[in-house]
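Asker: Structure file structure.txt (compact mmCIF, C-alpha atoms and all ligand atoms) right here:
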```txt
# COMPACT_ATOMS: atom_id res chain seq x y z
CA MET A 1371 -53.92 20.37 39.43
CA GLU A 1372 -50.67 21.73 38.04
CA THR A 1373 -47.38 21.34 39.91
CA ARG A 1374 -46.72 24.27 42.19
CA TYR A 1375 -43.42 26.08 42.05
CA ASP A 1376 -42.05 28.71 44.42
CA LEU A 1377 -41.41 32.15 42.97
CA LEU A 1378 -38.77 34.45 44.47
CA PRO A 1379 -40.59 37.63 45.61
CA ALA A 1380 -38.01 39.83 43.81
CA VAL A 1381 -38.92 38.10 40.52
CA ALA A 1382 -42.66 38.59 41.05
CA GLN A 1383 -42.02 42.23 41.95
CA ALA A 1384 -39.88 42.80 38.83
CA GLN A 1385 -42.62 41.35 36.63
CA LEU A 1386 -45.25 43.51 38.32
CA ILE A 1387 -43.42 46.73 37.51
CA GLY A 1388 -42.35 45.65 34.01
CA ARG A 1389 -38.64 45.13 34.62
CA GLY A 1390 -36.89 42.53 32.48
CA VAL A 1391 -36.40 39.08 34.02
CA VAL A 1392 -33.77 36.54 32.90
CA ALA A 1393 -33.96 32.84 33.76
CA LEU A 1394 -30.68 31.01 34.53
CA GLU A 1395 -30.12 27.23 34.70
CA THR A 1396 -28.46 25.15 37.42
CA THR A 1397 -27.02 22.14 35.56
CA VAL A 1398 -24.02 24.26 34.67
CA ILE A 1399 -23.58 24.84 38.44
CA ALA A 1400 -24.10 21.26 39.61
CA HIS A 1401 -22.66 19.29 36.67
CA GLY A 1402 -20.88 21.69 34.31
CA LEU A 1403 -18.26 23.55 36.36
CA PRO A 1404 -15.96 22.49 39.23
CA ALA A 1405 -16.34 23.94 42.77
CA PRO A 1406 -15.85 26.68 43.87
CA LEU A 1407 -15.92 28.23 40.38
CA ASN A 1408 -19.48 26.96 39.89
CA VAL A 1409 -21.02 29.03 42.70
CA GLU A 1410 -18.82 32.04 41.91
CA THR A 1411 -19.91 31.90 38.26
CA ALA A 1412 -23.58 31.55 39.24
CA HIS A 1413 -23.32 34.74 41.27
CA ALA A 1414 -21.34 36.51 38.56
CA CYS A 1415 -24.06 35.64 36.01
CA GLU A 1416 -26.75 37.03 38.30
CA GLN A 1417 -24.70 40.22 38.66
CA ALA A 1418 -24.26 40.41 34.88
CA VAL A 1419 -28.06 40.27 34.44
CA ARG A 1420 -28.45 43.10 36.97
CA VAL A 1421 -26.11 45.48 35.07
CA SER A 1422 -28.95 46.50 32.74
CA GLY A 1423 -31.46 46.73 35.59
CA ALA A 1424 -32.98 43.31 34.88
CA GLN A 1425 -33.78 40.69 37.53
CA PRO A 1426 -32.15 37.22 37.49
CA ALA A 1427 -34.22 34.07 38.22
CA THR A 1428 -31.98 31.06 38.76
CA ILE A 1429 -34.11 27.91 38.56
CA GLY A 1430 -33.62 24.64 40.45
CA ILE A 1431 -35.33 21.92 42.48
CA LEU A 1432 -34.72 21.91 46.24
CA ALA A 1433 -35.63 18.57 47.84
CA GLY A 1434 -38.41 18.03 45.30
CA GLN A 1435 -39.68 21.62 45.37
CA PRO A 1436 -39.18 23.55 42.10
CA LYS A 1437 -38.15 27.16 42.62
CA VAL A 1438 -38.00 30.02 40.12
CA GLY A 1439 -35.47 32.45 41.53
CA LEU A 1440 -33.05 30.89 44.01
CA SER A 1441 -31.48 32.96 46.79
CA GLN A 1442 -27.69 32.99 47.06
CA PRO A 1443 -27.72 30.53 50.02
CA GLU A 1444 -30.03 28.21 48.03
CA ILE A 1445 -27.63 28.23 45.07
CA ALA A 1446 -24.77 27.31 47.43
CA GLN A 1447 -26.93 24.61 49.07
CA LEU A 1448 -27.80 23.04 45.71
CA ALA A 1449 -24.15 23.12 44.61
CA ALA A 1450 -23.10 21.39 47.85
CA GLN A 1451 -25.54 18.44 47.52
CA ALA A 1452 -23.91 15.07 46.85
CA ASP A 1453 -26.49 13.52 44.56
CA VAL A 1454 -28.08 16.17 42.34
CA VAL A 1455 -30.27 14.91 39.49
CA LYS A 1456 -29.57 16.39 36.04
CA VAL A 1457 -33.18 17.22 35.23
CA ASN A 1458 -34.48 17.08 31.67
CA LEU A 1459 -38.10 16.65 30.56
CA ALA A 1460 -38.23 12.88 31.11
CA ASN A 1461 -37.14 12.81 34.77
CA LEU A 1462 -38.60 16.09 36.07
CA GLY A 1463 -41.76 14.49 37.45
CA ALA A 1464 -39.83 11.68 39.13
CA THR A 1465 -37.40 14.14 40.71
CA ILE A 1466 -40.35 15.99 42.29
CA ALA A 1467 -42.11 12.77 43.35
CA GLN A 1468 -38.95 11.44 45.00
CA LYS A 1469 -38.24 14.80 46.69
CA ARG A 1470 -34.74 14.84 45.26
CA TRP A 1471 -32.46 17.78 44.58
CA GLY A 1472 -32.40 18.67 40.90
CA ALA A 1473 -30.34 20.90 38.64
CA THR A 1474 -32.28 22.11 35.62
CA THR A 1475 -30.86 21.71 32.11
CA VAL A 1476 -31.83 24.04 29.26
CA ALA A 1477 -34.87 21.83 28.64
CA SER A 1478 -36.35 21.90 32.16
CA THR A 1479 -35.31 25.53 32.76
CA MET A 1480 -37.31 26.49 29.64
CA TYR A 1481 -40.31 24.63 31.04
CA PHE A 1482 -40.29 26.58 34.31
CA ALA A 1483 -39.44 29.89 32.63
CA HIS A 1484 -42.51 29.42 30.44
CA ARG A 1485 -44.71 28.52 33.44
CA ALA A 1486 -43.51 31.69 35.22
CA ASN A 1487 -43.98 33.95 32.17
CA ILE A 1488 -40.26 34.60 31.77
CA ARG A 1489 -39.43 35.17 28.12
CA VAL A 1490 -35.62 35.36 28.21
CA PHE A 1491 -33.19 32.69 29.46
CA SER A 1492 -29.40 32.76 29.40
CA THR A 1493 -27.10 29.73 29.35
CA GLY A 1494 -23.68 28.61 28.06
CA GLY A 1495 -24.22 26.21 25.18
CA ILE A 1496 -27.37 24.25 24.41
CA GLY A 1497 -27.41 20.51 23.98
CA GLY A 1498 -28.11 19.22 20.47
CA VAL A 1499 -27.48 16.34 18.12
CA HIS A 1500 -24.44 14.36 19.29
CA ARG A 1501 -21.74 13.23 16.88
CA GLY A 1502 -22.51 9.66 15.92
CA ALA A 1503 -26.23 10.24 16.55
CA THR A 1504 -27.10 8.06 13.55
CA GLU A 1505 -25.93 5.12 15.71
CA SER A 1506 -26.55 6.35 19.29
CA PHE A 1507 -29.79 8.34 18.66
CA ASP A 1508 -28.41 10.79 21.28
CA ILE A 1509 -30.25 14.06 20.68
CA SER A 1510 -30.63 16.44 23.62
CA ALA A 1511 -34.08 17.18 25.03
CA ASP A 1512 -32.98 20.83 24.82
CA LEU A 1513 -34.08 20.68 21.16
CA THR A 1514 -37.45 19.19 22.14
CA ALA A 1515 -37.92 22.03 24.63
CA LEU A 1516 -36.97 24.64 22.02
CA ALA A 1517 -39.70 23.17 19.81
CA LYS A 1518 -42.26 23.29 22.64
CA PHE A 1519 -41.80 26.34 24.85
CA PRO A 1520 -41.98 30.02 23.78
CA VAL A 1521 -38.81 31.15 25.53
CA MET A 1522 -35.75 32.89 24.08
CA VAL A 1523 -32.48 31.10 24.85
CA VAL A 1524 -29.34 33.23 24.71
CA CYS A 1525 -26.27 31.00 24.29
CA ALA A 1526 -22.83 30.73 22.67
CA GLY A 1527 -24.09 28.19 20.15
CA ALA A 1528 -24.42 24.49 20.65
CA LYS A 1529 -21.55 22.84 22.48
CA ALA A 1530 -18.63 22.14 20.16
CA ILE A 1531 -18.66 18.48 21.18
CA LEU A 1532 -21.85 18.10 19.11
CA ASP A 1533 -22.66 17.65 15.44
CA LEU A 1534 -23.38 21.31 14.67
CA PRO A 1535 -24.75 20.98 11.11
CA LYS A 1536 -27.25 18.31 12.23
CA THR A 1537 -28.20 20.44 15.27
CA LEU A 1538 -29.00 23.39 12.96
CA GLU A 1539 -31.07 21.13 10.70
CA VAL A 1540 -33.20 19.91 13.63
CA LEU A 1541 -33.75 23.49 14.83
CA GLU A 1542 -34.96 24.45 11.37
CA THR A 1543 -37.26 21.42 11.21
CA TYR A 1544 -38.77 22.44 14.58
CA GLY A 1545 -39.29 26.02 13.37
CA VAL A 1546 -36.90 27.61 15.87
CA PRO A 1547 -35.33 30.86 14.59
CA VAL A 1548 -31.55 30.95 15.14
CA ILE A 1549 -30.42 34.57 15.38
CA GLY A 1550 -26.71 35.40 15.15
CA TYR A 1551 -25.86 38.26 17.51
CA GLN A 1552 -23.44 40.51 15.63
CA THR A 1553 -22.38 37.50 13.58
CA ASN A 1554 -23.35 35.75 10.32
CA GLU A 1555 -22.08 32.39 11.55
CA LEU A 1556 -23.09 29.87 14.18
CA PRO A 1557 -20.58 30.28 17.03
CA ALA A 1558 -19.14 27.01 18.34
CA PHE A 1559 -19.08 27.58 22.13
CA TYR A 1560 -15.29 27.74 22.78
CA SER A 1561 -14.73 29.23 19.30
CA ARG A 1562 -16.28 32.31 17.72
CA THR A 1563 -16.87 30.64 14.37
CA SER A 1564 -17.95 27.27 12.97
CA GLY A 1565 -18.05 27.93 9.24
CA LEU A 1566 -21.85 27.39 9.34
CA LYS A 1567 -23.76 30.35 7.89
CA LEU A 1568 -26.95 31.64 9.56
CA ASP A 1569 -29.90 33.29 7.78
CA LEU A 1570 -30.76 35.61 10.65
CA ARG A 1571 -28.65 38.32 12.24
CA ALA A 1572 -29.36 41.09 14.75
CA ASP A 1573 -26.90 43.72 15.96
CA THR A 1574 -28.68 45.25 18.96
CA PRO A 1575 -30.80 44.00 21.88
CA ALA A 1576 -33.77 45.92 20.41
CA ALA A 1577 -33.36 44.15 17.04
CA VAL A 1578 -33.30 40.75 18.78
CA ALA A 1579 -36.40 41.66 20.80
CA ALA A 1580 -38.24 42.77 17.64
CA MET A 1581 -37.52 39.45 15.86
CA ALA A 1582 -38.64 37.39 18.87
CA LYS A 1583 -41.83 39.42 19.27
CA ALA A 1584 -42.65 39.04 15.56
CA HIS A 1585 -42.14 35.27 15.88
CA TRP A 1586 -44.52 34.98 18.83
CA GLN A 1587 -47.07 37.42 17.40
CA LEU A 1588 -47.59 34.85 14.65
CA GLY A 1589 -48.96 32.59 17.35
CA PHE A 1590 -45.99 30.22 17.32
CA THR A 1591 -45.31 28.47 20.59
CA SER A 1592 -41.72 27.47 19.83
CA GLY A 1593 -38.58 29.01 21.29
CA VAL A 1594 -36.11 31.46 19.80
CA LEU A 1595 -32.36 30.85 19.87
CA VAL A 1596 -29.92 33.76 20.06
CA VAL A 1597 -26.31 32.75 19.46
CA VAL A 1598 -23.49 34.98 20.71
CA PRO A 1599 -19.78 34.41 20.04
CA VAL A 1600 -17.57 33.91 23.13
CA PRO A 1601 -15.68 37.17 23.91
CA GLU A 1602 -12.52 37.43 21.81
CA PRO A 1603 -9.89 37.37 24.63
CA ASP A 1604 -11.02 33.95 25.88
CA ALA A 1605 -11.96 32.35 22.55
CA ILE A 1606 -10.11 29.19 21.45
CA PRO A 1607 -9.69 28.71 17.68
CA SER A 1608 -11.62 25.64 16.46
CA ALA A 1609 -8.49 24.05 14.94
CA GLU A 1610 -6.94 24.07 18.43
CA ILE A 1611 -9.92 22.78 20.42
CA GLU A 1612 -10.88 20.10 17.89
CA SER A 1613 -8.05 17.73 18.86
CA PHE A 1614 -9.11 17.91 22.52
CA ILE A 1615 -12.72 17.21 21.55
CA ALA A 1616 -11.69 14.20 19.45
CA GLU A 1617 -9.62 12.86 22.37
CA ALA A 1618 -12.51 13.41 24.82
CA LEU A 1619 -14.90 11.54 22.50
CA ARG A 1620 -12.49 8.60 22.24
CA ASP A 1621 -12.11 8.52 26.03
CA ALA A 1622 -15.90 8.61 26.52
CA ALA A 1623 -16.30 5.65 24.14
CA ALA A 1624 -13.52 3.72 25.88
CA HIS A 1625 -15.25 4.22 29.26
CA TYR A 1626 -18.70 3.31 27.84
CA ILE A 1627 -20.12 6.69 28.91
CA THR A 1628 -23.72 7.03 27.70
CA GLY A 1629 -26.89 9.10 28.10
CA LYS A 1630 -26.91 12.06 30.46
CA ASP A 1631 -23.32 11.45 31.55
CA VAL A 1632 -21.88 12.15 28.09
CA THR A 1633 -21.97 15.96 28.17
CA PRO A 1634 -20.50 16.45 31.70
CA PHE A 1635 -17.82 13.82 30.94
CA LEU A 1636 -16.72 15.53 27.72
CA LEU A 1637 -16.74 19.03 29.23
CA SER A 1638 -14.65 18.07 32.25
CA HIS A 1639 -12.24 16.04 30.10
CA ILE A 1640 -11.66 19.06 27.85
CA ALA A 1641 -11.36 21.44 30.81
CA ALA A 1642 -8.70 19.21 32.40
CA ARG A 1643 -6.63 18.88 29.20
CA THR A 1644 -6.55 22.57 28.19
CA GLU A 1645 -4.91 23.96 31.34
CA GLY A 1646 -7.97 25.97 32.27
CA ARG A 1647 -8.41 27.65 28.90
CA ALA A 1648 -11.67 25.86 28.13
CA LEU A 1649 -12.90 26.67 31.63
CA ARG A 1650 -12.04 30.35 31.21
CA ALA A 1651 -13.84 30.45 27.86
CA ASN A 1652 -16.87 28.72 29.40
CA ILE A 1653 -17.08 31.20 32.28
CA ALA A 1654 -16.50 34.23 30.02
CA LEU A 1655 -19.27 33.23 27.63
CA LEU A 1656 -21.71 32.48 30.46
CA GLN A 1657 -21.26 35.99 31.88
CA ASN A 1658 -21.33 37.64 28.46
CA ASN A 1659 -24.58 35.87 27.58
CA ALA A 1660 -26.15 36.82 30.92
CA ARG A 1661 -25.30 40.49 30.41
CA LEU A 1662 -26.75 40.53 26.89
CA ALA A 1663 -29.85 38.58 28.00
CA GLY A 1664 -30.44 41.26 30.65
CA GLU A 1665 -30.36 43.95 27.97
CA ILE A 1666 -32.66 41.97 25.67
CA SER A 1667 -35.15 41.33 28.50
CA GLN A 1668 -35.33 45.07 29.14
CA ALA A 1669 -35.85 45.70 25.40
CA MET A 1670 -38.72 43.15 25.32
CA ASN A 1671 -40.89 45.30 27.61
N1 LIG A 1701 -23.62 24.62 28.83
C1 LIG A 1701 -22.49 24.62 29.57
N2 LIG A 1701 -22.32 23.65 30.50
C2 LIG A 1701 -23.31 22.71 30.75
C3 LIG A 1701 -24.52 22.73 29.99
C4 LIG A 1701 -24.60 23.70 29.03
O1 LIG A 1701 -21.62 25.48 29.37
O2 LIG A 1701 -23.13 21.90 31.64
C5 LIG A 1701 -25.66 21.75 30.26
C6 LIG A 1701 -26.99 22.45 29.96
O3 LIG A 1701 -27.78 22.39 31.11
C7 LIG A 1701 -27.60 21.66 28.83
C8 LIG A 1701 -27.07 20.28 29.13
O4 LIG A 1701 -29.01 21.72 28.84
O5 LIG A 1701 -25.70 20.55 29.49
C9 LIG A 1701 -27.24 19.36 27.95
O6 LIG A 1701 -27.07 18.05 28.35
P1 LIG A 1701 -27.43 16.83 27.35
O7 LIG A 1701 -26.47 16.98 26.20
O8 LIG A 1701 -27.20 15.59 28.16
O9 LIG A 1701 -28.87 17.01 26.95
MN MN A 1702 -28.21 13.02 25.58
```
Output the file's structure as structure tokens, nothing else.

Answerer:
Amino acid sequence: METRYDLLPAVAQAQLIGRGVVALETTVIAHGLPAPLNVETAHACEQAVRVSGAQPATIGILAGQPKVGLSQPEIAQLAAQADVVKVNLANLGATIAQKRWGATTVASTMYFAHRANIRVFSTGGIGGVHRGATESFDISADLTALAKFPVMVVCAGAKAILDLPKTLEVLETYGVPVIGYQTNELPAFYSRTSGLKLDLRADTPAAVAAMAKAHWQLGFTSGVLVVVPVPEPDAIPSAEIESFIAEALRDAAAHYITGKDVTPFLLSHIAARTEGRALRANIALLQNNARLAGEISQAMN
């Protein structure tokens, strides 16, 4: 018997009447942003999805029970827990078995979105191939999930702390289309550009929806990645952010940070050293992606 998950009635209702639905993750709430900005941003992202008439479905695990579509009090409750598991594909089953609280990463959010027939998912930046991966073998399960689950992920590129060229290579190997939204380049999370050219570009939500549909009509079961540059006012030029990233990487190595702790450590290090600029960029891109994902989800129907 398959694992049961709870479905928010508003999500089921939206699907019944053919409204767009957008999945949202909870790792960014529990591990990616400091309180109280985390809960505020979660609500702001849900509101951004609603602008186009679409329905948000924030996904998380409440004391071992997976839920697709958290209520506002449930989001606050998850954010307030002391010991929230960062849930990828390897520890999802254990988190349920042990009845723990879990925040879903891109990987596990894609899993539940797929189970619940949600085709569009909005996040900040996906995980990917880490710098130094030839030694550490640290490659995010987000890429595994993109290879496995037919869900569109709208993001601001892979996080700039990663090895972006290697991340693009793995996506191509897995057959995941990477669509630049109004750009010919892979955005680099905090920065609008990376210097890495993309083959695919779409300029409207309808054009994105058409490419995704054509991909899935071929019978492919892989995901689709839509990459959207961070809004101009909050963007940080890559030359500026790069020194903070290099410093964060050195600090992570000095503290022997490994595995799932690497990404949250680097993000909070950079946020602390940039006087809030990195945090502002992160929040701006999360909301921007959620708004666009809402529009795309409506265009998919
Ligand atoms: N984007 C953000 N902040 C985050 C993340 C993404 O702006 O905290 C999270 C996502 O949930 C992503 C995870 O799936 O980081 C990747 O972690 P790792 O590199 O350990 O696979
Ligand atoms: Mn990792």

Asker: Using all atoms listed in the file, which of the listed residues (A:Glu1539, A:Asp1604, A:Asp1631, A:Glu1372) sits closest to ligand LIG 1701 (chain A)?

Answerer: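 Answer, going by the shortest atom-to-atom distance: A:Asp1631.
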
Asker: Using all atoms listed in the file, find each protein or nucleic acid residue lying at most 12 Å from ligand MN 1702 (chain A); present the set as a ChimeraX atom specification.

Answerer: /A:1456-1460,1475,1477,1496-1503,1506-1514,1531-1532,1627-1636

Asker: State, in Å with one decimal place, the distance from atom CA of A:Glu1505 to atom CA of A:Ile1615.

Answerer: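 Going from atom CA of A:Glu1505 over to atom CA of A:Ile1615 covers 18.8 Å.
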
Asker: With distances taken over all atoms listed in the file, which of A:Gly1423, A:Gly1494, A:Gly1388, A:Gly1664 is nearest to ligand LIG 1701 (chain A)?

Answerer: A:Gly1494

Asker: Have a look at atom CA of A:Leu1655 and atom C6 of ligand LIG 1701 (chain A) and let me know their distance in Å, one decimal.

Answerer: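 According to the coordinates, atom CA of A:Leu1655 and atom C6 of ligand LIG 1701 (chain A) are separated by 13.5 Å.
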
Asker: Can you report as AutoDock Vina command-line options the centre and edge lengths in Å, to one decimal, of an axis-aligned box around the listed atoms of stretch 1620-1624 of chain A padded with 8 Å on each side?

Answerer:
```
--center_x -14.2 --center_y 6.2 --center_z 24.4 --size_x 20.2 --size_y 20.9 --size_z 20.3
```

Asker: With all atoms listed in the file as the counted atoms, please give the residues lying no more than 10 Å from stretch 1374-1381 of chain A, apart from itself and same-chain residues fewer than 6 positions off, as a PyMOL selection string.

Answerer: chain A and resi 1389-1393+1424-1429+1431+1435-1441+1482+1485-1486+1488

Asker: Got time to write the residues from that selection, C-alpha atoms, as a PDB file, keeping the file's coordinate frame?

Answerer:
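Done, and the output landed in out-v4.pdb:
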```pdb
ATOM      1  CA  ARG A1389     -38.640  45.130  34.620  1.00  0.00           C
ATOM      2  CA  GLY A1390     -36.890  42.530  32.480  1.00  0.00           C
ATOM      3  CA  VAL A1391     -36.400  39.080  34.020  1.00  0.00           C
ATOM      4  CA  VAL A1392     -33.770  36.540  32.900  1.00  0.00           C
ATOM      5  CA  ALA A1393     -33.960  32.840  33.760  1.00  0.00           C
ATOM      6  CA  ALA A1424     -32.980  43.310  34.880  1.00  0.00           C
ATOM      7  CA  GLN A1425     -33.780  40.690  37.530  1.00  0.00           C
ATOM      8  CA  PRO A1426     -32.150  37.220  37.490  1.00  0.00           C
ATOM      9  CA  ALA A1427     -34.220  34.070  38.220  1.00  0.00           C
ATOM     10  CA  THR A1428     -31.980  31.060  38.760  1.00  0.00           C
ATOM     11  CA  ILE A1429     -34.110  27.910  38.560  1.00  0.00           C
ATOM     12  CA  ILE A1431     -35.330  21.920  42.480  1.00  0.00           C
ATOM     13  CA  GLN A1435     -39.680  21.620  45.370  1.00  0.00           C
ATOM     14  CA  PRO A1436     -39.180  23.550  42.100  1.00  0.00           C
ATOM     15  CA  LYS A1437     -38.150  27.160  42.620  1.00  0.00           C
ATOM     16  CA  VAL A1438     -38.000  30.020  40.120  1.00  0.00           C
ATOM     17  CA  GLY A1439     -35.470  32.450  41.530  1.00  0.00           C
ATOM     18  CA  LEU A1440     -33.050  30.890  44.010  1.00  0.00           C
ATOM     19  CA  SER A1441     -31.480  32.960  46.790  1.00  0.00           C
ATOM     20  CA  PHE A1482     -40.290  26.580  34.310  1.00  0.00           C
ATOM     21  CA  ARG A1485     -44.710  28.520  33.440  1.00  0.00           C
ATOM     22  CA  ALA A1486     -43.510  31.690  35.220  1.00  0.00           C
ATOM     23  CA  ILE A1488     -40.260  34.600  31.770  1.00  0.00           C
TER      24      ILE A1488
END
```

Asker: Could you tell me which of A:Leu1432, A:Ala1648, A:Met1581, A:Ala1605 comes closest to ligand LIG 1701 (chain A) if we count all atoms listed in the file?

Answerer: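 Once distances to ligand LIG 1701 (chain A) are computed over all atoms listed in the file, the minimum belongs to A:Ala1648.
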
Asker: Quick one: distance from atom CA of A:Ala1528 to atom CA of A:Ala1572 in Å, one decimal?

Answerer: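 It comes out at 18.3 Å.
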
Asker: Give as a count of residues only every residue, naming chains and numbers as the document does, that has an atom within 8 Å of (-24.5, 27.8, 14.8), counting only C-alpha atoms.

Answerer: 16

Asker: Which one is closest to A:Gly1495: A:Pro1520, A:Gly1402, A:Gly1472, A:Gly1593? Count all atoms listed in the file.

Answerer: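 Going through A:Pro1520, A:Gly1402, A:Gly1472, A:Gly1593 one by one, the smallest distance to A:Gly1495 is for A:Gly1402.
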
Asker: Let me make sure I understand: among A:Gln1657, A:Thr1644, A:Thr1396, A:Gln1447, which one has the smallest atom-to-atom distance to ligand LIG 1701 (chain A) if we use only C-alpha atoms and all ligand atoms?

Answerer: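 Nearest to ligand LIG 1701 (chain A): A:Thr1396.
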
Asker: Find the nearest atom pair between each residue of stretch 1583-1652 of chain A and stretch 1544-1547 of chain A for residues within 8 Å, count all atoms listed in the file, give distances in Å to one decimal, sort rows by chain and ascending number, and present the table as JSON lines.

Answerer:
```
{"residue": "A:Ser1592", "atom": "CA", "partner": "A:Val1546", "partner_atom": "CA", "distance": 6.2}
{"residue": "A:Gly1593", "atom": "CA", "partner": "A:Val1546", "partner_atom": "CA", "distance": 5.8}
{"residue": "A:Val1594", "atom": "CA", "partner": "A:Pro1547", "partner_atom": "CA", "distance": 5.3}
{"residue": "A:Leu1595", "atom": "CA", "partner": "A:Pro1547", "partner_atom": "CA", "distance": 6.1}
```

Asker: Given all atoms listed in the file as the basis, pick out the residue of A:Gln1385, A:Thr1479, A:Gln1442, A:Asn1671 nearest to ligand LIG 1701 (chain A).

Answerer: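 Going through A:Gln1385, A:Thr1479, A:Gln1442, A:Asn1671 one by one, the smallest distance to ligand LIG 1701 (chain A) is for A:Thr1479.
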
Asker: Just want the 8 Å neighbourhood of A:Asn1659, counted on all atoms listed in the file, with same-chain residues fewer than 3 positions away dropped. Output as a list in words.

Answerer: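 Near A:Asn1659, the qualifying residues are Ser1492, Thr1493, Gly1494, Val1524, Cys1525, Ala1526, Val1598, Leu1655, Leu1656, Leu1662 and Ala1663 of chain A.
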
Asker: Using all atoms listed in the file, determine which residues lie at most 12 Å from A:Ala1577, disregarding the query and same-chain residues fewer than 5 positions distant; provide the list as a PDB file with C-alpha atoms, in the coordinates of the input.

Answerer:
```pdb
ATOM      1  CA  ILE A1549     -30.420  34.570  15.380  1.00  0.00           C
ATOM      2  CA  GLY A1550     -26.710  35.400  15.150  1.00  0.00           C
ATOM      3  CA  TYR A1551     -25.860  38.260  17.510  1.00  0.00           C
ATOM      4  CA  GLN A1552     -23.440  40.510  15.630  1.00  0.00           C
ATOM      5  CA  LEU A1570     -30.760  35.610  10.650  1.00  0.00           C
ATOM      6  CA  ARG A1571     -28.650  38.320  12.240  1.00  0.00           C
ATOM      7  CA  ALA A1572     -29.360  41.090  14.750  1.00  0.00           C
ATOM      8  CA  ALA A1582     -38.640  37.390  18.870  1.00  0.00           C
ATOM      9  CA  LYS A1583     -41.830  39.420  19.270  1.00  0.00           C
ATOM     10  CA  ALA A1584     -42.650  39.040  15.560  1.00  0.00           C
ATOM     11  CA  VAL A1596     -29.920  33.760  20.060  1.00  0.00           C
ATOM     12  CA  GLU A1665     -30.360  43.950  27.970  1.00  0.00           C
ATOM     13  CA  ILE A1666     -32.660  41.970  25.670  1.00  0.00           C
ATOM     14  CA  SER A1667     -35.150  41.330  28.500  1.00  0.00           C
ATOM     15  CA  ALA A1669     -35.850  45.700  25.400  1.00  0.00           C
ATOM     16  CA  MET A1670     -38.720  43.150  25.320  1.00  0.00           C
TER      17      MET A1670
END
```
